[in-house]
file protein_19.cif (mmCIF, C-alpha atoms and all ligand atoms)
data_entry
loop_
_atom_site.group_PDB
_atom_site.id
_atom_site.type_symbol
_atom_site.label_atom_id
_atom_site.label_comp_id
_atom_site.auth_asym_id
_atom_site.auth_seq_id
_atom_site.Cartn_x
_atom_site.Cartn_y
_atom_site.Cartn_z
ATOM 1 C CA MET J 1 34.707 201.698 93.537
ATOM 2 C CA SER J 2 34.619 205.445 93.136
ATOM 3 C CA ALA J 3 32.610 207.090 95.865
ATOM 4 C CA GLU J 4 29.668 209.422 95.520
ATOM 5 C CA VAL J 5 30.758 212.771 96.894
ATOM 6 C CA ILE J 6 28.336 214.258 99.422
ATOM 7 C CA TYR J 7 28.394 218.019 98.951
ATOM 8 C CA GLY J 8 27.216 219.566 102.202
ATOM 9 C CA SER J 9 27.290 222.882 100.377
ATOM 10 C CA GLU J 10 24.421 221.801 98.094
ATOM 11 C CA LEU J 11 22.297 220.367 100.902
ATOM 12 C CA ALA J 12 23.017 223.481 102.986
ATOM 13 C CA GLU J 13 21.818 225.725 100.172
ATOM 14 C CA SER J 14 18.581 223.849 99.730
ATOM 15 C CA LEU J 15 17.911 223.789 103.495
ATOM 16 C CA ARG J 16 18.677 227.520 103.764
ATOM 17 C CA ASN J 17 16.190 228.255 101.001
ATOM 18 C CA GLN J 18 13.524 226.329 102.921
ATOM 19 C CA MET J 19 14.470 228.212 106.097
ATOM 20 C CA LYS J 20 14.233 231.533 104.287
ATOM 21 C CA GLU J 21 10.613 230.750 103.462
ATOM 22 C CA GLU J 22 9.878 229.607 106.985
ATOM 23 C CA VAL J 23 11.429 232.761 108.473
ATOM 24 C CA GLY J 24 9.295 234.841 106.093
ATOM 25 C CA GLU J 25 6.167 233.104 107.413
ATOM 26 C CA LEU J 26 7.282 233.621 111.015
ATOM 27 C CA LYS J 27 7.860 237.320 110.347
ATOM 28 C CA ASN J 28 4.289 237.583 109.046
ATOM 29 C CA LYS J 29 3.236 236.396 112.491
ATOM 30 C CA GLY J 30 5.496 238.997 114.136
ATOM 31 C CA ILE J 31 8.223 236.507 115.091
ATOM 32 C CA VAL J 32 11.765 237.530 114.140
ATOM 33 C CA PRO J 33 14.335 234.856 115.036
ATOM 34 C CA GLY J 34 17.373 236.515 116.622
ATOM 35 C CA LEU J 35 20.901 235.188 117.136
ATOM 36 C CA THR J 36 23.586 236.980 119.132
ATOM 37 C CA VAL J 37 27.180 235.926 118.539
ATOM 38 C CA VAL J 38 29.827 236.948 121.051
ATOM 39 C CA LEU J 39 33.400 237.037 119.797
ATOM 40 C CA ILE J 40 36.222 237.696 122.244
ATOM 41 C CA GLY J 41 39.622 238.665 120.859
ATOM 42 C CA GLU J 42 40.951 238.689 117.330
ATOM 43 C CA ASP J 43 41.669 235.087 116.345
ATOM 44 C CA PRO J 44 41.507 235.140 112.501
ATOM 45 C CA ALA J 45 39.926 231.658 112.243
ATOM 46 C CA SER J 46 37.188 232.627 114.722
ATOM 47 C CA GLN J 47 36.617 235.934 112.907
ATOM 48 C CA SER J 48 36.213 234.041 109.659
ATOM 49 C CA TYR J 49 33.730 231.514 111.157
ATOM 50 C CA VAL J 50 31.734 234.346 112.692
ATOM 51 C CA ARG J 51 31.539 236.186 109.358
ATOM 52 C CA GLY J 52 30.178 232.999 107.768
ATOM 53 C CA LYS J 53 27.509 232.786 110.458
ATOM 54 C CA GLN J 54 26.469 236.443 109.946
ATOM 55 C CA LYS J 55 26.210 235.971 106.204
ATOM 56 C CA ALA J 56 24.062 232.866 106.564
ATOM 57 C CA CYS J 57 21.758 234.631 109.043
ATOM 58 C CA ASP J 58 21.324 237.548 106.623
ATOM 59 C CA TYR J 59 20.456 235.149 103.812
ATOM 60 C CA VAL J 60 17.629 233.393 105.641
ATOM 61 C CA GLY J 61 16.411 236.530 107.429
ATOM 62 C CA VAL J 62 17.537 235.657 110.947
ATOM 63 C CA GLU J 63 18.351 238.864 112.853
ATOM 64 C CA SER J 64 21.994 238.553 113.799
ATOM 65 C CA ASN J 65 23.859 240.688 116.265
ATOM 66 C CA LEU J 66 27.622 240.425 116.668
ATOM 67 C CA ILE J 67 29.177 241.585 119.918
ATOM 68 C CA GLU J 68 32.958 241.891 119.600
ATOM 69 C CA LEU J 69 34.946 242.331 122.791
ATOM 70 C CA PRO J 70 38.681 242.670 123.444
ATOM 71 C CA SER J 71 40.695 239.667 124.660
ATOM 72 C CA SER J 72 41.158 241.530 127.954
ATOM 73 C CA THR J 73 37.441 241.010 128.733
ATOM 74 C CA THR J 74 37.079 239.395 132.155
ATOM 75 C CA GLU J 75 35.023 236.322 132.948
ATOM 76 C CA LYS J 76 32.776 238.452 135.159
ATOM 77 C CA GLU J 77 32.108 240.921 132.323
ATOM 78 C CA LEU J 78 31.234 238.068 129.975
ATOM 79 C CA LEU J 79 28.957 236.471 132.580
ATOM 80 C CA ASN J 80 27.183 239.824 133.020
ATOM 81 C CA LEU J 81 26.684 240.115 129.273
ATOM 82 C CA ILE J 82 25.273 236.574 129.061
ATOM 83 C CA SER J 83 22.908 237.340 131.910
ATOM 84 C CA LYS J 84 21.581 240.357 129.964
ATOM 85 C CA LEU J 85 21.202 238.310 126.769
ATOM 86 C CA ASN J 86 19.417 235.550 128.701
ATOM 87 C CA SER J 87 16.706 238.017 129.663
ATOM 88 C CA ASP J 88 16.534 239.857 126.311
ATOM 89 C CA GLN J 89 13.308 238.705 124.618
ATOM 90 C CA THR J 90 14.567 239.562 121.120
ATOM 91 C CA VAL J 91 17.453 237.089 121.514
ATOM 92 C CA HIS J 92 16.532 233.464 120.801
ATOM 93 C CA GLY J 93 20.030 232.089 120.358
ATOM 94 C CA ILE J 94 23.299 232.939 122.122
ATOM 95 C CA LEU J 95 26.589 231.708 120.699
ATOM 96 C CA VAL J 96 29.879 232.477 122.396
ATOM 97 C CA GLN J 97 32.588 231.657 119.883
ATOM 98 C CA LEU J 98 35.138 229.162 121.232
ATOM 99 C CA PRO J 99 37.973 228.938 122.067
ATOM 100 C CA LEU J 100 37.991 231.657 124.726
ATOM 101 C CA PRO J 101 41.109 233.353 126.112
ATOM 102 C CA ASN J 102 42.810 231.243 128.801
ATOM 103 C CA HIS J 103 41.768 233.488 131.697
ATOM 104 C CA ILE J 104 38.087 232.743 131.046
ATOM 105 C CA ASN J 105 36.631 229.454 132.280
ATOM 106 C CA GLU J 106 34.944 228.053 129.175
ATOM 107 C CA GLN J 107 32.714 225.636 131.059
ATOM 108 C CA ALA J 108 31.440 228.411 133.360
ATOM 109 C CA ILE J 109 30.440 230.406 130.276
ATOM 110 C CA ILE J 110 28.733 227.451 128.593
ATOM 111 C CA GLU J 111 26.754 226.751 131.771
ATOM 112 C CA ALA J 112 25.732 230.418 132.158
ATOM 113 C CA ILE J 113 23.884 230.466 128.827
ATOM 114 C CA SER J 114 20.204 229.695 129.282
ATOM 115 C CA PRO J 115 19.624 226.121 127.989
ATOM 116 C CA GLU J 116 16.602 227.508 126.092
ATOM 117 C CA LYS J 117 18.948 229.810 124.105
ATOM 118 C CA ASP J 118 21.870 227.387 123.822
ATOM 119 C CA VAL J 119 21.752 226.960 120.046
ATOM 120 C CA ASP J 120 25.241 225.375 120.139
ATOM 121 C CA GLY J 121 23.823 222.505 122.206
ATOM 122 C CA PHE J 122 26.794 222.648 124.569
ATOM 123 C CA HIS J 123 24.960 223.224 127.870
ATOM 124 C CA PRO J 124 25.007 220.155 130.177
ATOM 125 C CA ILE J 125 21.193 220.145 130.227
ATOM 126 C CA ASN J 126 21.046 219.885 126.435
ATOM 127 C CA ILE J 127 23.834 217.288 126.370
ATOM 128 C CA GLY J 128 21.905 215.327 128.986
ATOM 129 C CA ARG J 129 18.712 215.512 126.960
ATOM 130 C CA MET J 130 20.588 214.311 123.882
ATOM 131 C CA ILE J 131 22.052 211.357 125.813
ATOM 132 C CA ALA J 132 18.572 210.521 127.105
ATOM 133 C CA GLY J 133 17.429 210.387 123.467
ATOM 134 C CA LYS J 134 15.168 213.441 123.816
ATOM 135 C CA ASP J 135 14.664 216.229 121.315
ATOM 136 C CA THR J 136 16.741 219.295 122.141
ATOM 137 C CA PHE J 137 19.316 221.601 120.544
ATOM 138 C CA PHE J 138 21.874 219.198 119.087
ATOM 139 C CA PRO J 139 25.466 220.412 118.555
ATOM 140 C CA CYS J 140 25.608 221.834 115.043
ATOM 141 C CA THR J 141 28.419 219.860 113.390
ATOM 142 C CA PRO J 142 27.181 216.436 114.604
ATOM 143 C CA PHE J 143 23.596 217.353 113.711
ATOM 144 C CA GLY J 144 24.784 218.449 110.265
ATOM 145 C CA ILE J 145 26.547 215.122 109.756
ATOM 146 C CA ILE J 146 23.449 213.081 110.654
ATOM 147 C CA THR J 147 21.377 215.304 108.347
ATOM 148 C CA MET J 148 23.826 214.652 105.484
ATOM 149 C CA LEU J 149 23.669 210.866 106.021
ATOM 150 C CA LYS J 150 19.867 210.948 106.107
ATOM 151 C CA SER J 151 19.695 213.118 102.993
ATOM 152 C CA LYS J 152 21.379 210.288 101.068
ATOM 153 C CA ASN J 153 19.242 207.614 102.769
ATOM 154 C CA ILE J 154 22.427 206.028 104.105
ATOM 155 C CA PRO J 155 21.450 203.298 106.590
ATOM 156 C CA ILE J 156 22.753 203.939 110.128
ATOM 157 C CA GLU J 157 20.816 201.371 112.163
ATOM 158 C CA GLY J 158 22.899 198.306 112.997
ATOM 159 C CA LYS J 159 25.965 199.692 111.216
ATOM 160 C CA LYS J 160 29.449 199.874 112.687
ATOM 161 C CA ALA J 161 30.231 203.550 113.153
ATOM 162 C CA VAL J 162 33.744 204.564 114.133
ATOM 163 C CA VAL J 163 34.389 208.090 115.383
ATOM 164 C CA ILE J 164 37.982 209.304 115.439
ATOM 165 C CA GLY J 165 38.336 212.185 117.862
ATOM 166 C CA ARG J 166 36.599 212.804 121.185
ATOM 167 C CA SER J 167 36.125 216.553 121.420
ATOM 168 C CA ASN J 168 33.072 217.911 123.215
ATOM 169 C CA ILE J 169 32.094 219.850 120.082
ATOM 170 C CA VAL J 170 32.259 217.057 117.495
ATOM 171 C CA GLY J 171 33.564 213.592 118.423
ATOM 172 C CA LYS J 172 31.590 212.816 121.566
ATOM 173 C CA PRO J 173 28.222 214.202 120.406
ATOM 174 C CA VAL J 174 28.374 212.732 116.887
ATOM 175 C CA GLY J 175 28.950 209.289 118.442
ATOM 176 C CA GLN J 176 25.944 209.856 120.677
ATOM 177 C CA LEU J 177 23.695 210.914 117.787
ATOM 178 C CA LEU J 178 24.801 207.845 115.801
ATOM 179 C CA LEU J 179 23.999 205.680 118.832
ATOM 180 C CA ASN J 180 20.569 207.344 119.036
ATOM 181 C CA GLU J 181 20.111 206.196 115.413
ATOM 182 C CA ASN J 182 20.962 202.616 116.524
ATOM 183 C CA ALA J 183 24.498 202.401 115.152
ATOM 184 C CA THR J 184 27.124 200.391 117.013
ATOM 185 C CA VAL J 185 29.585 203.103 117.924
ATOM 186 C CA THR J 186 33.324 202.912 118.645
ATOM 187 C CA TYR J 187 35.426 205.931 119.593
ATOM 188 C CA CYS J 188 39.097 206.111 118.632
ATOM 189 C CA HIS J 189 41.454 208.821 119.910
ATOM 190 C CA SER J 190 45.080 209.723 120.437
ATOM 191 C CA ARG J 191 45.617 206.825 122.901
ATOM 192 C CA THR J 192 43.960 204.160 120.740
ATOM 193 C CA GLU J 193 46.241 201.221 119.927
ATOM 194 C CA ASN J 194 46.143 199.747 116.420
ATOM 195 C CA MET J 195 43.656 202.316 115.163
ATOM 196 C CA GLN J 196 43.605 200.790 111.693
ATOM 197 C CA GLU J 197 41.879 197.676 113.117
ATOM 198 C CA TYR J 198 38.912 199.916 113.854
ATOM 199 C CA THR J 199 38.983 202.193 110.832
ATOM 200 C CA LYS J 200 39.142 199.261 108.396
ATOM 201 C CA ASP J 201 36.118 197.693 110.056
ATOM 202 C CA ALA J 202 33.934 200.806 109.942
ATOM 203 C CA ASP J 203 30.791 201.035 107.828
ATOM 204 C CA ILE J 204 30.550 204.719 108.747
ATOM 205 C CA LEU J 205 33.808 206.510 109.541
ATOM 206 C CA ILE J 206 33.727 209.980 111.077
ATOM 207 C CA VAL J 207 37.140 211.651 111.154
ATOM 208 C CA ALA J 208 37.478 214.677 113.431
ATOM 209 C CA VAL J 209 41.143 214.846 114.349
ATOM 210 C CA GLY J 210 42.389 218.118 112.876
ATOM 211 C CA ARG J 211 45.435 216.649 111.087
ATOM 212 C CA ALA J 212 45.806 216.792 107.314
ATOM 213 C CA ASN J 213 45.923 213.375 105.635
ATOM 214 C CA PHE J 214 45.513 211.530 108.941
ATOM 215 C CA LEU J 215 43.805 208.666 107.068
ATOM 216 C CA SER J 216 44.020 207.450 103.481
ATOM 217 C CA GLY J 217 42.397 204.807 101.297
ATOM 218 C CA GLU J 218 44.492 202.072 102.973
ATOM 219 C CA ASP J 219 42.717 202.679 106.272
ATOM 220 C CA ILE J 220 39.214 202.363 104.869
ATOM 221 C CA LYS J 221 36.945 199.397 104.155
ATOM 222 C CA GLU J 222 35.654 198.995 100.609
ATOM 223 C CA GLY J 223 32.207 200.589 100.464
ATOM 224 C CA ALA J 224 32.518 202.632 103.665
ATOM 225 C CA VAL J 225 30.899 206.023 104.248
ATOM 226 C CA VAL J 226 33.614 208.551 105.083
ATOM 227 C CA ILE J 227 32.755 211.855 106.759
ATOM 228 C CA ASP J 228 35.715 214.227 106.979
ATOM 229 C CA VAL J 229 35.290 216.911 109.638
ATOM 230 C CA GLY J 230 38.862 218.212 109.464
ATOM 231 C CA VAL J 231 39.599 221.753 108.348
ATOM 232 C CA ASN J 232 43.354 222.145 107.971
ATOM 233 C CA ARG J 233 44.988 225.190 106.423
ATOM 234 C CA MET J 234 47.980 224.124 104.307
ATOM 235 C CA GLU J 235 51.130 226.192 103.718
ATOM 236 C CA ASP J 236 49.839 227.244 100.293
ATOM 237 C CA GLY J 237 46.716 228.639 101.998
ATOM 238 C CA LYS J 238 44.411 225.879 100.738
ATOM 239 C CA LEU J 239 42.021 224.020 103.039
ATOM 240 C CA THR J 240 42.221 220.267 103.324
ATOM 241 C CA GLY J 241 40.497 217.642 105.436
ATOM 242 C CA ASP J 242 41.786 214.870 107.708
ATOM 243 C CA VAL J 243 41.389 212.267 104.951
ATOM 244 C CA GLU J 244 43.509 211.939 101.820
ATOM 245 C CA PHE J 245 40.594 212.468 99.469
ATOM 246 C CA ASP J 246 41.783 210.880 96.204
ATOM 247 C CA SER J 247 42.820 207.502 97.639
ATOM 248 C CA ALA J 248 39.839 207.347 100.021
ATOM 249 C CA LYS J 249 37.424 208.130 97.196
ATOM 250 C CA GLU J 250 38.556 204.978 95.382
ATOM 251 C CA LYS J 251 37.573 202.782 98.353
ATOM 252 C CA ALA J 252 34.536 204.488 99.855
ATOM 253 C CA ALA J 253 30.903 204.366 98.736
ATOM 254 C CA TYR J 254 30.322 207.928 99.960
ATOM 255 C CA ILE J 255 32.772 210.624 100.990
ATOM 256 C CA THR J 256 32.558 214.288 102.006
ATOM 257 C CA PRO J 257 34.998 216.809 100.515
ATOM 258 C CA VAL J 258 36.829 219.655 102.264
ATOM 259 C CA PRO J 259 35.850 222.407 101.638
ATOM 260 C CA LYS J 260 32.148 222.191 100.647
ATOM 261 C CA GLY J 261 31.471 219.183 102.880
ATOM 262 C CA VAL J 262 30.568 219.281 106.552
ATOM 263 C CA GLY J 263 31.460 222.970 107.101
ATOM 264 C CA PRO J 264 28.425 224.559 105.395
ATOM 265 C CA MET J 265 26.133 222.147 107.259
ATOM 266 C CA THR J 266 27.390 223.324 110.663
ATOM 267 C CA ILE J 267 26.207 226.880 110.059
ATOM 268 C CA THR J 268 22.951 225.613 108.561
ATOM 269 C CA MET J 269 22.146 223.653 111.713
ATOM 270 C CA LEU J 270 22.896 226.768 113.767
ATOM 271 C CA LEU J 271 20.206 228.556 111.760
ATOM 272 C CA HIS J 272 17.886 225.578 112.284
ATOM 273 C CA ASN J 273 18.420 225.717 116.052
ATOM 274 C CA THR J 274 17.875 229.491 116.172
ATOM 275 C CA ILE J 275 14.594 229.232 114.251
ATOM 276 C CA LYS J 276 13.518 226.320 116.471
ATOM 277 C CA SER J 277 14.268 228.429 119.549
ATOM 278 C CA ALA J 278 12.264 231.397 118.221
ATOM 279 C CA LYS J 279 9.285 229.088 117.627
ATOM 280 C CA GLN J 280 9.578 227.586 121.126
ATOM 281 C CA PHE J 281 9.673 231.037 122.740
ATOM 282 C CA ASN J 282 6.491 231.996 120.890
ATOM 283 C CA GLN J 283 4.546 228.844 121.650
HETATM 284 N N1 LIG J 301 34.356 227.081 117.670
HETATM 285 C C1 LIG J 301 34.509 226.137 116.708
HETATM 286 N N2 LIG J 301 33.320 225.555 116.429
HETATM 287 C C2 LIG J 301 32.409 226.140 117.244
HETATM 288 C C3 LIG J 301 31.007 225.959 117.418
HETATM 289 O O1 LIG J 301 30.349 225.122 116.798
HETATM 290 N N3 LIG J 301 30.427 226.781 118.338
HETATM 291 C C4 LIG J 301 31.124 227.688 119.070
HETATM 292 N N4 LIG J 301 30.461 228.420 119.961
HETATM 293 N N5 LIG J 301 32.428 227.871 118.933
HETATM 294 C C5 LIG J 301 33.057 227.089 118.020
#

call {"tool": "encode", "arguments": {"input": "protein_19.cif", "output": "structure tokens"}}
result
Amino acid sequence: MSAEVIYGSELAESLRNQMKEEVGELKNKGIVPGLTVVLIGEDPASQSYVRGKQKACDYVGVESNLIELPSSTTEKELLNLISKLNSDQTVHGILVQLPLPNHINEQAIIEAISPEKDVDGFHPINIGRMIAGKDTFFPCTPFGIITMLKSKNIPIEGKKAVVIGRSNIVGKPVGQLLLNENATVTYCHSRTENMQEYTKDADILIVAVGRANFLSGEDIKEGAVVIDVGVNRMEDGKLTGDVEFDSAKEKAAYITPVPKGVGPMTITMLLHNTIKSAKQFNQ
């Protein structure tokens, strides 16, 4: 079998075009969706992600405001800023780019953001709502993955989904969203014994490890759906995923590439959440 490649980049473009129209209609009603991104320090990967977010906001007409602060910023200063943004009526979404410098307690920051403006879906209230199966802001990468599967009418209900990786940003929430869609979900992680037993049994395999070529065709069941969340910068500067694409493509029914796979969907779901927030604030 040679898999169909799911280009998140194409789906992202078509969704962003729809959003652009929707934002135009909202603006006619006097509603301008606004996202504020807070970037602390000068991590090049974070700077690059943030630039991507700004560009996407500009494209669809979401008002984006970037606040860049030095890595010496204290937790108290950041909490004060979040408090101001929480009460700013022009701000519908607040995103504090992670990771934060070590002297700032990440969880305290996440919990300080108003759940109504938490377009990352990281606040415990939004995580709780997601676990309860309620509508809320879903974390962007997991939400993007589910949207990609649905766009191809890939059945999720009753399927064996295996998630490799258990981060709060990707692994844990994507498993939860798959469970909400009635998949049978297994999590694998760094302490899992005989991981191949699980990967080879998966109908839907989500790989979010952050190690180039962590899995290859040998680890995958014939006809599986393989979603590669990894973004690994190689020595030659090229980006590659967690899955050895060429061998996996020969076994899978569907596979996502890196780049042009999951990445563009993450930012698209951030736009979706920001527009959703603006609509909720104006209801
Ligand atoms: N760092 C890497 N991914 C993300 C994300 O989705 N949101 C935030 N806030 N920081 C990140």

call {"tool": "residues_around", "arguments": {"input": "protein_19.cif", "residues": "Met234 of chain J", "least_positions_apart": "5", "cutoff": "12 Å", "atoms": "all atoms listed in the file", "output": "list in words"}}
result
Gly210, Arg211, Ala212, Asn213, Leu239, Thr240, Gly241 and Asp242 of chain J

call {"tool": "closest_residue", "arguments": {"input": "protein_19.cif", "among": "J:Leu95, J:Leu100, J:Val209, J:Ile131", "to": "ligand LIG 301 (chain J)", "atoms": "all atoms listed in the file"}}
result
J:Leu95

call {"tool": "closest_atom_pairs", "arguments": {"input": "protein_19.cif", "of": "chain J", "to": "ligand LIG 301 (chain J)", "cutoff": "10 Å", "atoms": "only C-alpha atoms and all ligand atoms", "output": "CSV"}}
result
residue,atom,partner,partner_atom,distance
J:Val37,CA,J:LIG301,N4,8.3
J:Val38,CA,J:LIG301,N4,8.6
J:Leu39,CA,J:LIG301,N4,9.1
J:Ala45,CA,J:LIG301,C1,8.9
J:Ser46,CA,J:LIG301,N1,6.9
J:Tyr49,CA,J:LIG301,C1,7.8
J:Val50,CA,J:LIG301,N5,9.0
J:Ile94,CA,J:LIG301,N4,8.7
J:Leu95,CA,J:LIG301,N4,5.1
J:Val96,CA,J:LIG301,N4,4.8
J:Gln97,CA,J:LIG301,N4,3.9
J:Leu98,CA,J:LIG301,N5,3.8
J:Pro99,CA,J:LIG301,N1,6.0
J:Leu100,CA,J:LIG301,N5,8.9
J:Ile110,CA,J:LIG301,N4,8.9
J:Asp118,CA,J:LIG301,N4,9.5
J:Val119,CA,J:LIG301,N4,8.8
J:Asp120,CA,J:LIG301,N3,5.7
J:Gly121,CA,J:LIG301,N3,8.8
J:Phe122,CA,J:LIG301,N4,8.2
J:Pro139,CA,J:LIG301,O1,7.0
J:Cys140,CA,J:LIG301,O1,6.0
J:Thr141,CA,J:LIG301,O1,6.6
J:Pro142,CA,J:LIG301,O1,9.5
J:Ile169,CA,J:LIG301,O1,6.5
J:Val170,CA,J:LIG301,O1,8.3
J:Gly263,CA,J:LIG301,N2,9.9
J:Thr266,CA,J:LIG301,O1,7.0
J:Ile267,CA,J:LIG301,O1,8.1
J:Met269,CA,J:LIG301,O1,9.8
J:Leu270,CA,J:LIG301,O1,8.2

call {"tool": "residues_around", "arguments": {"input": "protein_19.cif", "residues": "Gly133 of chain J", "least_positions_apart": "6", "cutoff": "10 Å", "atoms": "all atoms listed in the file", "output": "list in words"}}
result
Ile127, Gln176, Leu177, Leu179, Asn180 and Glu181 of chain J

call {"tool": "closest_residue", "arguments": {"input": "protein_19.cif", "among": "J:His103, J:Arg129, J:Lys55, J:Arg166", "to": "Lys76 of chain J", "atoms": "all atoms listed in the file"}}
result
J:His103

call {"tool": "closest_residue", "arguments": {"input": "protein_19.cif", "among": "J:Asn194, J:Asp58, J:Gly8, J:Ile146", "to": "Val23 of chain J", "atoms": "all atoms listed in the file"}}
result
J:Asp58

call {"tool": "residues_near_point", "arguments": {"input": "protein_19.cif", "point": "(21.4, 236.8, 116.7)", "cutoff": "12 Å", "atoms": "only C-alpha atoms", "output": "PyMOL selection string"}}
result
chain J and resi 32-38+50+53-58+61-67+85+88-96+117-119+270-271+273-275+277-278

call {"tool": "closest_residue", "arguments": {"input": "protein_19.cif", "among": "J:Glu111, J:Tyr59, J:Glu75, J:Pro173", "to": "Glu13 of chain J", "atoms": "only C-alpha atoms"}}
result
J:Tyr59

call {"tool": "resolve_selection", "arguments": {"input": "protein_19.cif", "expression": "the PyMOL selection byres (((chain J and resi 219-225) around 12) and not hetatm)", "output": "short mmCIF file (atom, residue, chain, number, x, y, z; two decimals) with C-alpha atoms, keeping the file's coordinate frame"}}
result
data_model
loop_
_atom_site.label_atom_id
_atom_site.label_comp_id
_atom_site.auth_asym_id
_atom_site.auth_seq_id
_atom_site.Cartn_x
_atom_site.Cartn_y
_atom_site.Cartn_z
CA MET J 1 34.71 201.70 93.54
CA SER J 2 34.62 205.44 93.14
CA ALA J 3 32.61 207.09 95.86
CA GLU J 4 29.67 209.42 95.52
CA VAL J 5 30.76 212.77 96.89
CA ILE J 6 28.34 214.26 99.42
CA ILE J 145 26.55 215.12 109.76
CA MET J 148 23.83 214.65 105.48
CA LEU J 149 23.67 210.87 106.02
CA LYS J 152 21.38 210.29 101.07
CA ASN J 153 19.24 207.61 102.77
CA ILE J 154 22.43 206.03 104.10
CA PRO J 155 21.45 203.30 106.59
CA ILE J 156 22.75 203.94 110.13
CA LYS J 159 25.96 199.69 111.22
CA LYS J 160 29.45 199.87 112.69
CA ALA J 161 30.23 203.55 113.15
CA VAL J 162 33.74 204.56 114.13
CA VAL J 163 34.39 208.09 115.38
CA ASN J 194 46.14 199.75 116.42
CA MET J 195 43.66 202.32 115.16
CA GLN J 196 43.60 200.79 111.69
CA GLU J 197 41.88 197.68 113.12
CA TYR J 198 38.91 199.92 113.85
CA THR J 199 38.98 202.19 110.83
CA LYS J 200 39.14 199.26 108.40
CA ASP J 201 36.12 197.69 110.06
CA ALA J 202 33.93 200.81 109.94
CA ASP J 203 30.79 201.04 107.83
CA ILE J 204 30.55 204.72 108.75
CA LEU J 205 33.81 206.51 109.54
CA ILE J 206 33.73 209.98 111.08
CA VAL J 207 37.14 211.65 111.15
CA ASN J 213 45.92 213.38 105.64
CA PHE J 214 45.51 211.53 108.94
CA LEU J 215 43.80 208.67 107.07
CA SER J 216 44.02 207.45 103.48
CA GLY J 217 42.40 204.81 101.30
CA GLU J 218 44.49 202.07 102.97
CA VAL J 226 33.61 208.55 105.08
CA ILE J 227 32.76 211.86 106.76
CA ASP J 228 35.72 214.23 106.98
CA VAL J 243 41.39 212.27 104.95
CA GLU J 244 43.51 211.94 101.82
CA PHE J 245 40.59 212.47 99.47
CA SER J 247 42.82 207.50 97.64
CA ALA J 248 39.84 207.35 100.02
CA LYS J 249 37.42 208.13 97.20
CA GLU J 250 38.56 204.98 95.38
CA LYS J 251 37.57 202.78 98.35
CA ALA J 252 34.54 204.49 99.86
CA ALA J 253 30.90 204.37 98.74
CA TYR J 254 30.32 207.93 99.96
CA ILE J 255 32.77 210.62 100.99
CA THR J 256 32.56 214.29 102.01
#

call {"tool": "atom_distance", "arguments": {"input": "protein_19.cif", "atom1": "atom CA of Ile113 of chain J", "atom2": "atom CA of Leu81 of chain J"}}
result
10.1 Å

call {"tool": "atom_distance", "arguments": {"input": "protein_19.cif", "atom1": "atom CA of Met265 of chain J", "atom2": "atom CA of Asn182 of chain J"}}
result
22.2 Å

call {"tool": "atom_distance", "arguments": {"input": "protein_19.cif", "atom1": "atom CA of Asn28 of chain J", "atom2": "atom CA of Leu15 of chain J"}}
result
20.2 Å

call {"tool": "resolve_selection", "arguments": {"input": "protein_19.cif", "expression": "the PyMOL selection byres (((chain J and resi 190) around 9) and not hetatm)", "output": "ChimeraX atom specification"}}
result
/J:164-165,188-189,191-193,209

call {"tool": "closest_residue", "arguments": {"input": "protein_19.cif", "among": "J:Gly175, J:Gly230, J:Val60, J:Asp43", "to": "Lys27 of chain J", "atoms": "only C-alpha atoms"}}
result
J:Val60

call {"tool": "residues_around", "arguments": {"input": "protein_19.cif", "residues": "Ser9 of chain J", "least_positions_apart": "2", "cutoff": "8 Å", "atoms": "all atoms listed in the file", "output": "ChimeraX atom specification"}}
result
/J:7,11-13,260-265

call {"tool": "write_last_selection", "arguments": {"input": "protein_19.cif", "atoms": "C-alpha atoms", "output": "short mmCIF file (atom, residue, chain, number, x, y, z; two decimals), in the coordinates of the input"}}
result
data_model
loop_
_atom_site.label_atom_id
_atom_site.label_comp_id
_atom_site.auth_asym_id
_atom_site.auth_seq_id
_atom_site.Cartn_x
_atom_site.Cartn_y
_atom_site.Cartn_z
CA TYR J 7 28.39 218.02 98.95
CA LEU J 11 22.30 220.37 100.90
CA ALA J 12 23.02 223.48 102.99
CA GLU J 13 21.82 225.72 100.17
CA LYS J 260 32.15 222.19 100.65
CA GLY J 261 31.47 219.18 102.88
CA VAL J 262 30.57 219.28 106.55
CA GLY J 263 31.46 222.97 107.10
CA PRO J 264 28.42 224.56 105.40
CA MET J 265 26.13 222.15 107.26
#

call {"tool": "closest_residue", "arguments": {"input": "protein_19.cif", "among": "J:Phe281, J:Lys29, J:Glu42, J:Asn126", "to": "Pro101 of chain J", "atoms": "all atoms listed in the file"}}
result
J:Glu42
